[in-house]
Amino acid sequence: MMAQLADRVAGVGIPGWFLLLLSVFIGSFLGTVIRRLPEGRPIMMSARSACEACGARLAPRDLVPLVSWLAARGRCRYCGVALGWFYPGVELGALAVATIAITIDGPEQAWLDCLLGWWLLALGWIDLRVWLLPDALTLPLLVLGLLVTLAFDPEDLADRAAAAAIGYLALRAIGWIYERLRGREGLGQGDAKLFAAAGAWLGTAALSQVVLLAAAAALLAAAAVGLSGTRIRAHTALPFGPFLALAIWPLWLFGPIHL
Ligand SMILES: [Zn+2]
């Protein structure tokens, strides 16, 4: 795997290097989206412009993804406050998405993989932080899935559109039943919309596998949380969006498993 990865990255040429370089800047942008979108703050108007602790204006040299953070050892150059792992974390996540996409599909085909991967990274991260999958991200992702289908697999359009509708209704139904049985909301509307988007990108054949993979990942995470010493009770809950995102991307990269 590592040798194959090194070969691919060494042999990617301009498009591959450009995509890898671009990915950390995309990561920086996603960091802004993840922070600002749930609060309704404008995203495009201004980049991060000041230190959140001391208010010092940030110069371009303070905003180079990963490099600025490493150069200042994770601290604000002006007041010395620890900047935390959030921005470098998202930037590394975006870089990982590009690296995996190039390894699997090659640099020419990796763009679409990256677009979906980066989008899911932002959605999953927001859900993890604030338990919300914003319509402003899930609904365009659904439309984009249908447009991509129209452009590359037009013969699948009916199936993907049906999968989007089935996905939405199925998760709403499960959520409704859960609420009836347990008396509280277990799956949000955002989960249903993200699942609909999964249908638009992956088609009907993959829907059940998305749920199975996401549920398996969620159980593993719950077990890990349990091992870390937090007692799991019936009302301890995890957001489902990150696990849906985690399931959707590999199914897009490798296609549904044929049993
Ligand atoms: Zn500062």
# chains A, B, ... in the order shown; residues from 1 in each chain; ligands from 1

call {"tool": "residues_near_ligand", "arguments": {"ligand": "ligand 1", "cutoff": "12 Å", "atoms": "only C-alpha atoms and all ligand atoms", "output": "short mmCIF file (atom, residue, chain, number, x, y, z; two decimals) with N, CA and C atoms, in the first residue's frame"}}
result
data_model
loop_
_atom_site.label_atom_id
_atom_site.label_comp_id
_atom_site.auth_asym_id
_atom_site.auth_seq_id
_atom_site.Cartn_x
_atom_site.Cartn_y
_atom_site.Cartn_z
N SER A 49 -9.33 36.46 9.65
CA SER A 49 -8.57 37.70 9.49
C SER A 49 -7.89 38.13 10.77
N ALA A 50 -8.30 37.57 11.90
CA ALA A 50 -7.70 38.00 13.16
C ALA A 50 -7.58 36.82 14.10
N CYS A 51 -6.62 36.88 15.01
CA CYS A 51 -6.48 35.86 16.04
C CYS A 51 -7.71 35.92 16.93
N GLU A 52 -8.31 34.74 17.20
CA GLU A 52 -9.55 34.75 17.99
C GLU A 52 -9.28 35.09 19.45
N ALA A 53 -8.02 34.99 19.88
CA ALA A 53 -7.70 35.29 21.28
C ALA A 53 -7.30 36.76 21.48
N CYS A 54 -6.37 37.27 20.67
CA CYS A 54 -5.84 38.62 20.92
C CYS A 54 -6.31 39.63 19.89
N GLY A 55 -6.96 39.17 18.82
CA GLY A 55 -7.48 40.11 17.83
C GLY A 55 -6.44 40.65 16.87
N ALA A 56 -5.20 40.18 16.96
CA ALA A 56 -4.16 40.67 16.04
C ALA A 56 -4.55 40.32 14.60
N ARG A 57 -4.36 41.26 13.70
CA ARG A 57 -4.65 41.00 12.30
C ARG A 57 -3.68 39.96 11.76
N LEU A 58 -4.21 38.97 11.03
CA LEU A 58 -3.35 37.92 10.49
C LEU A 58 -2.86 38.32 9.11
N ASP A 62 0.60 34.20 7.94
CA ASP A 62 0.01 33.47 9.06
C ASP A 62 -1.06 32.48 8.60
N ALA A 72 4.96 28.23 13.55
CA ALA A 72 4.73 28.90 14.84
C ALA A 72 4.49 27.89 15.95
N GLY A 74 2.18 25.82 16.41
CA GLY A 74 0.80 25.76 16.87
C GLY A 74 0.38 26.88 17.79
N ARG A 75 1.14 27.98 17.79
CA ARG A 75 0.78 29.11 18.66
C ARG A 75 0.61 30.38 17.84
N CYS A 76 -0.19 31.30 18.39
CA CYS A 76 -0.34 32.60 17.74
C CYS A 76 1.00 33.33 17.82
N ARG A 77 1.43 33.89 16.68
CA ARG A 77 2.71 34.56 16.60
C ARG A 77 2.71 35.85 17.44
N TYR A 78 1.52 36.36 17.72
CA TYR A 78 1.43 37.66 18.39
C TYR A 78 1.25 37.51 19.90
N CYS A 79 0.33 36.61 20.32
CA CYS A 79 0.05 36.53 21.76
C CYS A 79 0.49 35.19 22.37
N GLY A 80 0.87 34.23 21.51
CA GLY A 80 1.38 32.97 22.03
C GLY A 80 0.32 31.96 22.46
N VAL A 81 -0.97 32.29 22.29
CA VAL A 81 -2.02 31.36 22.68
C VAL A 81 -1.95 30.11 21.79
N ALA A 82 -2.20 28.94 22.38
CA ALA A 82 -2.20 27.71 21.59
C ALA A 82 -3.37 27.73 20.63
N LEU A 83 -3.10 27.44 19.35
CA LEU A 83 -4.15 27.55 18.33
C LEU A 83 -5.00 26.29 18.24
#

call {"tool": "residues_around", "arguments": {"residues": "Leu141 of chain A", "least_positions_apart": "6", "cutoff": "10 Å", "atoms": "only C-alpha atoms", "output": "PyMOL selection string"}}
result
chain A and resi 115-116+119-120+135+147+193-194+196-198+200-201

call {"tool": "residues_around", "arguments": {"residues": "segment 37-45 of chain A", "least_positions_apart": "2", "cutoff": "9 Å", "atoms": "only C-alpha atoms", "output": "number ranges by chain"}}
result
A: 29, 32-35, 47, 126, 130, 132-134, 136

call {"tool": "atom_distance", "arguments": {"atom1": "atom CA of Ala101 of chain A", "atom2": "atom CA of Cys114 of chain A"}}
result
6.4 Å

call {"tool": "residues_around", "arguments": {"residues": "Ala163 of chain A", "least_positions_apart": "4", "cutoff": "6 Å", "atoms": "only C-alpha atoms", "output": "list in words"}}
result
Gly167, Gly199, Gly203 and Thr204 of chain A

call {"tool": "residues_around", "arguments": {"residues": "Ile100 of chain A", "least_positions_apart": "4", "cutoff": "10 Å", "atoms": "only C-alpha atoms", "output": "list of chain:residue names"}}
result
A:Leu5, A:Leu95, A:Ala96, A:Ile104, A:Asp105, A:Gly106, A:Ala110, A:Asp113, A:Cys114, A:Gly117, A:Leu253

call {"tool": "residues_around", "arguments": {"residues": "Leu213 of chain A", "least_positions_apart": "5", "cutoff": "12 Å", "atoms": "only C-alpha atoms", "output": "PyMOL selection string"}}
result
chain A and resi 206-208+218-220+240+242-251+256-257

call {"tool": "residues_around", "arguments": {"residues": "Leu128 of chain A", "least_positions_apart": "3", "cutoff": "9 Å", "atoms": "only C-alpha atoms", "output": "mmCIF file with N, CA and C atoms, in the first residue's frame"}}
result
data_model
loop_
_atom_site.group_PDB
_atom_site.id
_atom_site.type_symbol
_atom_site.label_atom_id
_atom_site.label_comp_id
_atom_site.auth_asym_id
_atom_site.auth_seq_id
_atom_site.Cartn_x
_atom_site.Cartn_y
_atom_site.Cartn_z
ATOM 1 N N LEU A 123 -19.346 18.119 6.167
ATOM 2 C CA LEU A 123 -20.632 17.736 6.758
ATOM 3 C C LEU A 123 -20.436 16.912 8.030
ATOM 4 N N GLY A 124 -19.573 15.896 7.941
ATOM 5 C CA GLY A 124 -19.348 15.028 9.092
ATOM 6 C C GLY A 124 -18.775 15.804 10.272
ATOM 7 N N TRP A 125 -17.861 16.709 9.969
ATOM 8 C CA TRP A 125 -17.185 17.472 11.029
ATOM 9 C C TRP A 125 -18.168 18.413 11.716
ATOM 10 N N TRP A 131 -23.942 18.775 16.057
ATOM 11 C CA TRP A 131 -25.123 17.941 15.867
ATOM 12 C C TRP A 131 -26.084 18.526 14.857
ATOM 13 N N LEU A 132 -25.542 18.866 13.712
ATOM 14 C CA LEU A 132 -26.382 19.506 12.703
ATOM 15 C C LEU A 132 -25.798 19.174 11.340
ATOM 16 N N LEU A 238 -24.592 9.414 19.767
ATOM 17 C CA LEU A 238 -23.582 9.885 18.831
ATOM 18 C C LEU A 238 -24.315 10.467 17.637
ATOM 19 N N PRO A 239 -23.789 11.528 17.028
ATOM 20 C CA PRO A 239 -24.404 11.980 15.779
ATOM 21 C C PRO A 239 -24.176 10.909 14.711
ATOM 22 N N PHE A 240 -25.162 10.715 13.825
ATOM 23 C CA PHE A 240 -25.058 9.649 12.821
ATOM 24 C C PHE A 240 -24.394 10.153 11.532
ATOM 25 N N GLY A 241 -24.440 11.488 11.320
ATOM 26 C CA GLY A 241 -23.918 12.062 10.075
ATOM 27 C C GLY A 241 -22.476 11.694 9.755
ATOM 28 N N PRO A 242 -21.556 11.792 10.747
ATOM 29 C CA PRO A 242 -20.161 11.445 10.445
ATOM 30 C C PRO A 242 -20.020 10.008 9.956
#

call {"tool": "closest_residue", "arguments": {"among": "A:Thr149, A:Gly93, A:Arg61, A:Leu30", "to": "Leu137 of chain A", "atoms": "only C-alpha atoms"}}
result
A:Leu30

call {"tool": "atom_distance", "arguments": {"atom1": "atom CA of Gly183 of chain A", "atom2": "atom CA of Ala217 of chain A"}}
result
24.7 Å

call {"tool": "closest_residue", "arguments": {"among": "A:Gly190, A:Pro15, A:Gly27, A:Gly229", "to": "Val90 of chain A", "atoms": "only C-alpha atoms"}}
result
A:Gly27
